[in-house]
$ cat work.pdb   # PDB, C-alpha atoms and all ligand atoms
ATOM      1  CA  MET A   1      42.868  -6.529  20.611  1.00  0.00           C
ATOM      2  CA  GLU A   2      40.373  -8.671  18.829  1.00  0.00           C
ATOM      3  CA  ASN A   3      38.675  -7.105  15.863  1.00  0.00           C
ATOM      4  CA  LYS A   4      34.993  -7.678  16.329  1.00  0.00           C
ATOM      5  CA  PRO A   5      33.069  -7.594  13.079  1.00  0.00           C
ATOM      6  CA  GLN A   6      30.725  -4.634  13.121  1.00  0.00           C
ATOM      7  CA  VAL A   7      27.062  -5.186  12.607  1.00  0.00           C
ATOM      8  CA  SER A   8      26.370  -3.139   9.519  1.00  0.00           C
ATOM      9  CA  GLN A   9      23.002  -2.231   8.116  1.00  0.00           C
ATOM     10  CA  LEU A  10      23.639  -4.911   5.521  1.00  0.00           C
ATOM     11  CA  ASP A  11      22.960  -7.469   8.233  1.00  0.00           C
ATOM     12  CA  LEU A  12      19.584  -5.946   8.979  1.00  0.00           C
ATOM     13  CA  ARG A  13      17.171  -7.456   6.540  1.00  0.00           C
ATOM     14  CA  PRO A  14      13.495  -6.556   6.518  1.00  0.00           C
ATOM     15  CA  THR A  15      10.959  -9.253   7.284  1.00  0.00           C
ATOM     16  CA  TRP A  16       8.717 -10.168   4.352  1.00  0.00           C
ATOM     17  CA  ASP A  17       5.957  -8.047   5.911  1.00  0.00           C
ATOM     18  CA  GLU A  18       8.305  -5.077   6.168  1.00  0.00           C
ATOM     19  CA  TYR A  19       9.560  -5.632   2.640  1.00  0.00           C
ATOM     20  CA  PHE A  20       6.103  -5.583   1.082  1.00  0.00           C
ATOM     21  CA  LEU A  21       4.939  -2.710   3.289  1.00  0.00           C
ATOM     22  CA  MET A  22       7.928  -0.697   2.076  1.00  0.00           C
ATOM     23  CA  LEU A  23       6.967  -1.475  -1.531  1.00  0.00           C
ATOM     24  CA  ALA A  24       3.431  -0.267  -0.763  1.00  0.00           C
ATOM     25  CA  LYS A  25       4.898   2.918   0.707  1.00  0.00           C
ATOM     26  CA  LEU A  26       6.985   3.441  -2.428  1.00  0.00           C
ATOM     27  CA  ALA A  27       3.871   2.935  -4.572  1.00  0.00           C
ATOM     28  CA  ALA A  28       2.145   5.594  -2.450  1.00  0.00           C
ATOM     29  CA  THR A  29       4.767   8.137  -3.538  1.00  0.00           C
ATOM     30  CA  ARG A  30       3.060   8.008  -6.967  1.00  0.00           C
ATOM     31  CA  SER A  31      -0.372   8.946  -5.551  1.00  0.00           C
ATOM     32  CA  SER A  32      -1.974  11.803  -7.429  1.00  0.00           C
ATOM     33  CA  CYS A  33      -5.079  12.510  -5.330  1.00  0.00           C
ATOM     34  CA  LEU A  34      -5.085  15.493  -3.007  1.00  0.00           C
ATOM     35  CA  ALA A  35      -6.866  13.537  -0.260  1.00  0.00           C
ATOM     36  CA  PHE A  36      -3.891  11.543   1.022  1.00  0.00           C
ATOM     37  CA  PRO A  37      -1.378   9.099  -0.440  1.00  0.00           C
ATOM     38  CA  VAL A  38      -2.144   5.373  -0.379  1.00  0.00           C
ATOM     39  CA  GLY A  39      -0.186   2.501  -1.880  1.00  0.00           C
ATOM     40  CA  ALA A  40      -0.983  -1.183  -2.347  1.00  0.00           C
ATOM     41  CA  VAL A  41       0.920  -4.303  -3.358  1.00  0.00           C
ATOM     42  CA  ILE A  42      -0.684  -7.640  -4.221  1.00  0.00           C
ATOM     43  CA  VAL A  43       1.532 -10.557  -3.261  1.00  0.00           C
ATOM     44  CA  LYS A  44       1.291 -14.293  -3.777  1.00  0.00           C
ATOM     45  CA  ASN A  45       3.865 -16.819  -2.576  1.00  0.00           C
ATOM     46  CA  LYS A  46       6.168 -13.907  -1.708  1.00  0.00           C
ATOM     47  CA  GLN A  47       5.999 -12.636  -5.292  1.00  0.00           C
ATOM     48  CA  VAL A  48       4.648  -9.240  -6.250  1.00  0.00           C
ATOM     49  CA  LEU A  49       1.733  -9.599  -8.683  1.00  0.00           C
ATOM     50  CA  ALA A  50       0.655  -5.982  -9.025  1.00  0.00           C
ATOM     51  CA  THR A  51       0.953  -2.581  -7.398  1.00  0.00           C
ATOM     52  CA  GLY A  52      -1.349   0.407  -7.183  1.00  0.00           C
ATOM     53  CA  TYR A  53      -1.766   3.873  -5.770  1.00  0.00           C
ATOM     54  CA  ASN A  54      -4.726   6.195  -5.521  1.00  0.00           C
ATOM     55  CA  GLY A  55      -5.238   8.457  -8.486  1.00  0.00           C
ATOM     56  CA  ALA A  56      -7.648   9.541 -11.207  1.00  0.00           C
ATOM     57  CA  PRO A  57      -8.827   6.885 -13.694  1.00  0.00           C
ATOM     58  CA  ALA A  58      -6.201   6.167 -16.349  1.00  0.00           C
ATOM     59  CA  GLY A  59      -6.216   8.967 -18.940  1.00  0.00           C
ATOM     60  CA  SER A  60      -8.057  11.500 -16.749  1.00  0.00           C
ATOM     61  CA  PRO A  61      -6.088  14.444 -15.340  1.00  0.00           C
ATOM     62  CA  HIS A  62      -4.504  13.874 -11.951  1.00  0.00           C
ATOM     63  CA  CYS A  63      -6.103  15.726  -9.034  1.00  0.00           C
ATOM     64  CA  THR A  64      -2.634  17.053  -8.234  1.00  0.00           C
ATOM     65  CA  THR A  65      -2.223  18.377 -11.813  1.00  0.00           C
ATOM     66  CA  GLN A  66      -5.563  20.169 -12.027  1.00  0.00           C
ATOM     67  CA  GLY A  67      -5.185  21.448  -8.460  1.00  0.00           C
ATOM     68  CA  TYR A  68      -8.498  20.088  -7.173  1.00  0.00           C
ATOM     69  CA  CYS A  69     -10.322  16.777  -7.014  1.00  0.00           C
ATOM     70  CA  TYR A  70     -13.751  18.050  -8.062  1.00  0.00           C
ATOM     71  CA  PRO A  71     -14.245  21.700  -9.117  1.00  0.00           C
ATOM     72  CA  GLY A  72     -14.560  23.754  -5.968  1.00  0.00           C
ATOM     73  CA  LEU A  73     -13.520  20.881  -3.755  1.00  0.00           C
ATOM     74  CA  SER A  74     -10.027  20.839  -2.379  1.00  0.00           C
ATOM     75  CA  SER A  75      -9.962  17.096  -1.896  1.00  0.00           C
ATOM     76  CA  CYS A  76     -11.848  13.902  -2.762  1.00  0.00           C
ATOM     77  CA  ASP A  77     -12.486  13.676   0.962  1.00  0.00           C
ATOM     78  CA  ALA A  78     -14.301  16.996   1.085  1.00  0.00           C
ATOM     79  CA  SER A  79     -17.520  15.875  -0.608  1.00  0.00           C
ATOM     80  CA  THR A  80     -20.323  14.267   1.346  1.00  0.00           C
ATOM     81  CA  THR A  81     -22.203  13.200  -1.788  1.00  0.00           C
ATOM     82  CA  LEU A  82     -19.635  12.368  -4.454  1.00  0.00           C
ATOM     83  CA  PRO A  83     -17.455   9.278  -4.221  1.00  0.00           C
ATOM     84  CA  SER A  84     -13.715   9.669  -4.401  1.00  0.00           C
ATOM     85  CA  ARG A  85     -12.673  10.764  -7.883  1.00  0.00           C
ATOM     86  CA  ALA A  86      -9.546   8.731  -7.442  1.00  0.00           C
ATOM     87  CA  VAL A  87      -9.414   5.022  -8.088  1.00  0.00           C
ATOM     88  CA  HIS A  88      -8.235   3.673  -4.764  1.00  0.00           C
ATOM     89  CA  ALA A  89      -4.841   1.953  -4.516  1.00  0.00           C
ATOM     90  CA  GLU A  90      -6.286  -1.537  -3.925  1.00  0.00           C
ATOM     91  CA  ALA A  91      -8.713  -1.155  -6.846  1.00  0.00           C
ATOM     92  CA  ASN A  92      -5.900   0.067  -9.102  1.00  0.00           C
ATOM     93  CA  ALA A  93      -3.720  -2.903  -8.133  1.00  0.00           C
ATOM     94  CA  ILE A  94      -6.576  -5.328  -8.878  1.00  0.00           C
ATOM     95  CA  ALA A  95      -7.265  -3.503 -12.159  1.00  0.00           C
ATOM     96  CA  GLN A  96      -3.588  -3.752 -13.082  1.00  0.00           C
ATOM     97  CA  ALA A  97      -3.657  -7.503 -12.452  1.00  0.00           C
ATOM     98  CA  ALA A  98      -6.862  -7.827 -14.513  1.00  0.00           C
ATOM     99  CA  LYS A  99      -5.392  -5.791 -17.355  1.00  0.00           C
ATOM    100  CA  HIS A 100      -2.421  -8.121 -17.550  1.00  0.00           C
ATOM    101  CA  GLY A 101      -4.354 -11.340 -17.017  1.00  0.00           C
ATOM    102  CA  ILE A 102      -2.815 -12.135 -13.616  1.00  0.00           C
ATOM    103  CA  SER A 103      -4.924 -14.189 -11.210  1.00  0.00           C
ATOM    104  CA  THR A 104      -5.276 -12.714  -7.732  1.00  0.00           C
ATOM    105  CA  GLU A 105      -6.903 -15.852  -6.315  1.00  0.00           C
ATOM    106  CA  GLY A 106      -5.304 -16.763  -2.992  1.00  0.00           C
ATOM    107  CA  ALA A 107      -3.058 -13.684  -2.942  1.00  0.00           C
ATOM    108  CA  CYS A 108      -2.696 -11.241  -0.080  1.00  0.00           C
ATOM    109  CA  ILE A 109      -2.496  -7.462  -0.183  1.00  0.00           C
ATOM    110  CA  TYR A 110      -0.287  -4.949   1.605  1.00  0.00           C
ATOM    111  CA  VAL A 111      -1.694  -1.449   1.960  1.00  0.00           C
ATOM    112  CA  THR A 112      -0.564   1.718   3.667  1.00  0.00           C
ATOM    113  CA  LEU A 113      -4.164   2.324   4.781  1.00  0.00           C
ATOM    114  CA  GLU A 114      -6.837  -0.124   5.911  1.00  0.00           C
ATOM    115  CA  PRO A 115      -9.156  -0.632   2.893  1.00  0.00           C
ATOM    116  CA  CYS A 116     -12.412   1.329   2.746  1.00  0.00           C
ATOM    117  CA  LEU A 117     -15.533  -0.850   2.517  1.00  0.00           C
ATOM    118  CA  SER A 118     -15.720  -0.609  -1.297  1.00  0.00           C
ATOM    119  CA  CYS A 119     -12.137  -1.813  -1.631  1.00  0.00           C
ATOM    120  CA  LEU A 120     -12.612  -4.422   1.081  1.00  0.00           C
ATOM    121  CA  LYS A 121     -15.519  -5.947  -0.885  1.00  0.00           C
ATOM    122  CA  LEU A 122     -13.520  -5.792  -4.105  1.00  0.00           C
ATOM    123  CA  VAL A 123     -10.470  -7.371  -2.489  1.00  0.00           C
ATOM    124  CA  ILE A 124     -12.555 -10.247  -1.113  1.00  0.00           C
ATOM    125  CA  SER A 125     -14.269 -10.816  -4.452  1.00  0.00           C
ATOM    126  CA  ALA A 126     -10.884 -10.833  -6.194  1.00  0.00           C
ATOM    127  CA  GLY A 127     -10.006 -13.888  -4.096  1.00  0.00           C
ATOM    128  CA  ILE A 128      -7.710 -11.991  -1.727  1.00  0.00           C
ATOM    129  CA  HIS A 129      -8.376 -13.006   1.849  1.00  0.00           C
ATOM    130  CA  GLU A 130      -5.396 -11.619   3.782  1.00  0.00           C
ATOM    131  CA  ILE A 131      -4.885  -7.914   4.255  1.00  0.00           C
ATOM    132  CA  TYR A 132      -1.878  -6.269   5.917  1.00  0.00           C
ATOM    133  CA  TYR A 133      -2.235  -2.559   6.567  1.00  0.00           C
ATOM    134  CA  GLU A 134      -0.297   0.164   8.309  1.00  0.00           C
ATOM    135  CA  THR A 135      -2.903   2.742   9.367  1.00  0.00           C
ATOM    136  CA  SER A 136      -6.471   2.128  10.605  1.00  0.00           C
ATOM    137  CA  PHE A 137      -9.336   3.676   8.677  1.00  0.00           C
ATOM    138  CA  ASN A 138     -12.803   2.248   9.347  1.00  0.00           C
ATOM    139  CA  SER A 139     -14.738   3.200  12.454  1.00  0.00           C
ATOM    140  CA  GLY A 140     -18.336   3.102  13.684  1.00  0.00           C
ATOM    141  CA  GLU A 141     -20.816   1.351  11.376  1.00  0.00           C
ATOM    142  CA  LYS A 142     -18.140   0.794   8.744  1.00  0.00           C
ATOM    143  CA  ALA A 143     -16.002  -1.084  11.231  1.00  0.00           C
ATOM    144  CA  LEU A 144     -19.050  -3.223  12.075  1.00  0.00           C
ATOM    145  CA  VAL A 145     -19.494  -4.171   8.402  1.00  0.00           C
ATOM    146  CA  ARG A 146     -15.775  -4.948   8.186  1.00  0.00           C
ATOM    147  CA  ASP A 147     -16.025  -7.075  11.319  1.00  0.00           C
ATOM    148  CA  SER A 148     -18.991  -8.979   9.869  1.00  0.00           C
ATOM    149  CA  PHE A 149     -16.844  -9.977   6.866  1.00  0.00           C
ATOM    150  CA  ILE A 150     -14.122 -11.094   9.261  1.00  0.00           C
ATOM    151  CA  ALA A 151     -16.664 -13.082  11.332  1.00  0.00           C
ATOM    152  CA  GLU A 152     -17.906 -14.766   8.141  1.00  0.00           C
ATOM    153  CA  GLY A 153     -14.350 -15.980   7.566  1.00  0.00           C
ATOM    154  CA  LEU A 154     -13.981 -14.027   4.322  1.00  0.00           C
ATOM    155  CA  VAL A 155     -10.949 -12.021   5.247  1.00  0.00           C
ATOM    156  CA  THR A 156      -8.291 -11.401   7.883  1.00  0.00           C
ATOM    157  CA  LEU A 157      -6.796  -7.993   8.606  1.00  0.00           C
ATOM    158  CA  LYS A 158      -3.530  -7.414  10.403  1.00  0.00           C
ATOM    159  CA  GLN A 159      -1.967  -4.103  11.278  1.00  0.00           C
ATOM    160  CA  ILE A 160       1.797  -4.032  10.699  1.00  0.00           C
ATOM    161  CA  HIS A 161       4.553  -1.451  11.039  1.00  0.00           C
ATOM    162  CA  LEU A 162       8.100  -0.921   9.866  1.00  0.00           C
ATOM    163  CA  SER A 163      10.741  -1.200  12.556  1.00  0.00           C
ATOM    164  CA  GLU A 164      12.779   1.950  13.122  1.00  0.00           C
ATOM    165  CA  THR A 165      16.025   0.243  12.071  1.00  0.00           C
ATOM    166  CA  ILE A 166      14.603  -0.995   8.771  1.00  0.00           C
ATOM    167  CA  ALA A 167      13.023   2.392   8.054  1.00  0.00           C
ATOM    168  CA  GLN A 168      16.423   4.006   8.647  1.00  0.00           C
ATOM    169  CA  LYS A 169      18.127   1.500   6.391  1.00  0.00           C
ATOM    170  CA  ALA A 170      15.586   2.166   3.646  1.00  0.00           C
ATOM    171  CA  ALA A 171      16.034   5.913   4.073  1.00  0.00           C
ATOM    172  CA  SER A 172      19.802   5.642   3.680  1.00  0.00           C
ATOM    173  CA  PHE A 173      19.367   3.415   0.627  1.00  0.00           C
ATOM    174  CA  LEU A 174      17.066   6.024  -0.881  1.00  0.00           C
ATOM    175  CA  LEU A 175      19.246   8.985   0.003  1.00  0.00           C
ATOM    176  CA  ASN A 176      22.509   7.526  -1.319  1.00  0.00           C
ATOM    177  CA  PRO A 177      23.627   5.460  -4.269  1.00  0.00           C
ATOM    178  CA  THR A 178      22.820   1.939  -3.075  1.00  0.00           C
ATOM    179  CA  SER A 179      25.253  -0.301  -4.886  1.00  0.00           C
ATOM    180  CA  ILE A 180      28.804   0.935  -4.559  1.00  0.00           C
ATOM    181  CA  PRO A 181      31.317  -1.900  -4.678  1.00  0.00           C
ATOM    182  CA  GLY A 182      33.478  -1.927  -1.564  1.00  0.00           C
ATOM    183  CA  ASN A 183      31.269   0.441   0.423  1.00  0.00           C
ATOM    184  CA  LYS A 184      30.250  -1.350   3.609  1.00  0.00           C
ATOM    185  CA  ASN A 185      29.216   1.768   5.478  1.00  0.00           C
ATOM    186  CA  PHE A 186      25.474   1.463   5.147  1.00  0.00           C
TER     187      PHE A 186
HETATM  188 ZN    ZN A 201      -8.550  13.511  -5.651  1.00  0.00          ZN
HETATM  189 ZN    ZN A 202     -10.859   2.136  -1.020  1.00  0.00          ZN
END

$ encode --input "work.pdb" --output "structure tokens"
Amino acid sequence: MENKPQVSQLDLRPTWDEYFLMLAKLAATRSSCLAFPVGAVIVKNKQVLATGYNGAPAGSPHCTTQGYCYPGLSSCDASTTLPSRAVHAEANAIAQAAKHGISTEGACIYVTLEPCLSCLKLVISAGIHEIYYETSFNSGEKALVRDSFIAEGLVTLKQIHLSETIAQKAASFLLNPTSIPGNKNF
């Protein structure tokens, strides 16, 4: 009987979109706001320039550490008057690039959540004109503002997802030691 080579998970490589979305998801694991986790990765020529996640300004206590976002408010989302206490993931990634003197001109950004309008404006002004996101966010009037930026040719937005097989591969890489010589069972 002929021995057919088995297709192992090693043969399943993520697309570039999946790769950077996974990095954004990993960044989101560091989120420290009680609202919901968000991660972002700025990429240029397939190289990661900066990463970010949503959390309190550098040096200020994390929402998760103090147990609330604002006193008396369970989450940054719960206030109708105050802006999010957290610096959003996209803003943190842009700030990280700025801090280290890295140009974001002509880069693109991968985010686990479609940018809010504040981040969308910031992203555009940072010279980033391509956005890849996993989950939709803006609706109603906010979506109209977003669409006006798209119509002006300032930015493109594309919703992307991880394939099940790549997500499973990533999960097994995370759950087990990844680099064991001779182990082809992934
Ligand atoms: Zn918060
Ligand atoms: Zn935002």

$ residues_around --input "work.pdb" --residues "A:Arg146" --least-positions-apart "5" --cutoff "12 Å" --atoms "all atoms listed in the file" --output "PyMOL selection string"
chain A and resi 114-121+124+131+136-141+151-157

$ closest_atom_pairs --input "work.pdb" --of "chain A" --to "ligand ZN 202 (chain A)" --cutoff "12 Å" --atoms "only C-alpha atoms and all ligand atoms" --output "JSON lines"
{"residue": "A:Phe36", "atom": "CA", "partner": "A:ZN202", "partner_atom": "ZN", "distance": 11.9}
{"residue": "A:Pro37", "atom": "CA", "partner": "A:ZN202", "partner_atom": "ZN", "distance": 11.8}
{"residue": "A:Val38", "atom": "CA", "partner": "A:ZN202", "partner_atom": "ZN", "distance": 9.3}
{"residue": "A:Gly39", "atom": "CA", "partner": "A:ZN202", "partner_atom": "ZN", "distance": 10.7}
{"residue": "A:Ala40", "atom": "CA", "partner": "A:ZN202", "partner_atom": "ZN", "distance": 10.5}
{"residue": "A:Gly52", "atom": "CA", "partner": "A:ZN202", "partner_atom": "ZN", "distance": 11.5}
{"residue": "A:Tyr53", "atom": "CA", "partner": "A:ZN202", "partner_atom": "ZN", "distance": 10.4}
{"residue": "A:Asn54", "atom": "CA", "partner": "A:ZN202", "partner_atom": "ZN", "distance": 8.6}
{"residue": "A:Gly55", "atom": "CA", "partner": "A:ZN202", "partner_atom": "ZN", "distance": 11.3}
{"residue": "A:Cys76", "atom": "CA", "partner": "A:ZN202", "partner_atom": "ZN", "distance": 11.9}
{"residue": "A:Asp77", "atom": "CA", "partner": "A:ZN202", "partner_atom": "ZN", "distance": 11.8}
{"residue": "A:Pro83", "atom": "CA", "partner": "A:ZN202", "partner_atom": "ZN", "distance": 10.2}
{"residue": "A:Ser84", "atom": "CA", "partner": "A:ZN202", "partner_atom": "ZN", "distance": 8.7}
{"residue": "A:Arg85", "atom": "CA", "partner": "A:ZN202", "partner_atom": "ZN", "distance": 11.2}
{"residue": "A:Ala86", "atom": "CA", "partner": "A:ZN202", "partner_atom": "ZN", "distance": 9.3}
{"residue": "A:Val87", "atom": "CA", "partner": "A:ZN202", "partner_atom": "ZN", "distance": 7.8}
{"residue": "A:His88", "atom": "CA", "partner": "A:ZN202", "partner_atom": "ZN", "distance": 4.8}
{"residue": "A:Ala89", "atom": "CA", "partner": "A:ZN202", "partner_atom": "ZN", "distance": 7.0}
{"residue": "A:Glu90", "atom": "CA", "partner": "A:ZN202", "partner_atom": "ZN", "distance": 6.5}
{"residue": "A:Ala91", "atom": "CA", "partner": "A:ZN202", "partner_atom": "ZN", "distance": 7.0}
{"residue": "A:Asn92", "atom": "CA", "partner": "A:ZN202", "partner_atom": "ZN", "distance": 9.7}
{"residue": "A:Ala93", "atom": "CA", "partner": "A:ZN202", "partner_atom": "ZN", "distance": 11.3}
{"residue": "A:Ile94", "atom": "CA", "partner": "A:ZN202", "partner_atom": "ZN", "distance": 11.7}
{"residue": "A:Val111", "atom": "CA", "partner": "A:ZN202", "partner_atom": "ZN", "distance": 10.3}
{"residue": "A:Thr112", "atom": "CA", "partner": "A:ZN202", "partner_atom": "ZN", "distance": 11.3}
{"residue": "A:Leu113", "atom": "CA", "partner": "A:ZN202", "partner_atom": "ZN", "distance": 8.9}
{"residue": "A:Glu114", "atom": "CA", "partner": "A:ZN202", "partner_atom": "ZN", "distance": 8.3}
{"residue": "A:Pro115", "atom": "CA", "partner": "A:ZN202", "partner_atom": "ZN", "distance": 5.1}
{"residue": "A:Cys116", "atom": "CA", "partner": "A:ZN202", "partner_atom": "ZN", "distance": 4.2}
{"residue": "A:Leu117", "atom": "CA", "partner": "A:ZN202", "partner_atom": "ZN", "distance": 6.6}
{"residue": "A:Ser118", "atom": "CA", "partner": "A:ZN202", "partner_atom": "ZN", "distance": 5.6}
{"residue": "A:Cys119", "atom": "CA", "partner": "A:ZN202", "partner_atom": "ZN", "distance": 4.2}
{"residue": "A:Leu120", "atom": "CA", "partner": "A:ZN202", "partner_atom": "ZN", "distance": 7.1}
{"residue": "A:Lys121", "atom": "CA", "partner": "A:ZN202", "partner_atom": "ZN", "distance": 9.3}
{"residue": "A:Leu122", "atom": "CA", "partner": "A:ZN202", "partner_atom": "ZN", "distance": 8.9}
{"residue": "A:Val123", "atom": "CA", "partner": "A:ZN202", "partner_atom": "ZN", "distance": 9.6}
{"residue": "A:Phe137", "atom": "CA", "partner": "A:ZN202", "partner_atom": "ZN", "distance": 9.9}
{"residue": "A:Asn138", "atom": "CA", "partner": "A:ZN202", "partner_atom": "ZN", "distance": 10.5}

$ atom_distance --input "work.pdb" --atom1 "atom CA of A:Ala167" --atom2 "atom CA of A:Arg30"
18.9 Å

$ closest_residue --input "work.pdb" --among "A:Lys169, A:Ser125, A:Leu175, A:Leu162" --to "A:Phe149" --atoms "all atoms listed in the file"
A:Ser125

$ atom_distance --input "work.pdb" --atom1 "atom CA of A:Asp17" --atom2 "atom CA of A:Ser31"
21.5 Å

$ atom_distance --input "work.pdb" --atom1 "atom CA of A:Lys158" --atom2 "atom CA of A:Ser103"
22.7 Å

$ closest_residue --input "work.pdb" --among "A:Ala35, A:Cys108, A:Glu134, A:Gly127" --to "A:His161" --atoms "all atoms listed in the file"
A:Glu134

$ resolve_selection --input "work.pdb" --expression "the PyMOL selection byres (((chain A and resi 50) around 7) and not hetatm)" --output "list in words"
Val41, Ile42, Val48, Leu49, Thr51, Gly52, Ala93, Gln96 and Ala97 of chain A

$ closest_residue --input "work.pdb" --among "A:Ile166, A:Gln159, A:Tyr110, A:Asn176" --to "A:Lys44" --atoms "all atoms listed in the file"
A:Tyr110

$ axis_aligned_box --input "work.pdb" --around "stretch 170-185 of chain A" --padding-each-side "8 Å" --output "JSON"
{"center_x": 24.5, "center_y": 3.5, "center_z": 0.3, "size_x": 33.9, "size_y": 26.9, "size_z": 26.4}

$ closest_residue --input "work.pdb" --among "A:Ala27, A:Cys63, A:Leu21, A:Leu12" --to "ligand ZN 201 (chain A)" --atoms "all atoms listed in the file"
A:Cys63

$ closest_residue --input "work.pdb" --among "A:Thr81, A:Thr135, A:Thr15, A:Ser32" --to "A:Gln66" --atoms "only C-alpha atoms"
A:Ser32

$ residues_around --input "work.pdb" --residues "A:Leu82" --least-positions-apart "6" --cutoff "12 Å" --atoms "only C-alpha atoms" --output "NGL selection string"
:A and (69-71 or 73 or 75-76)
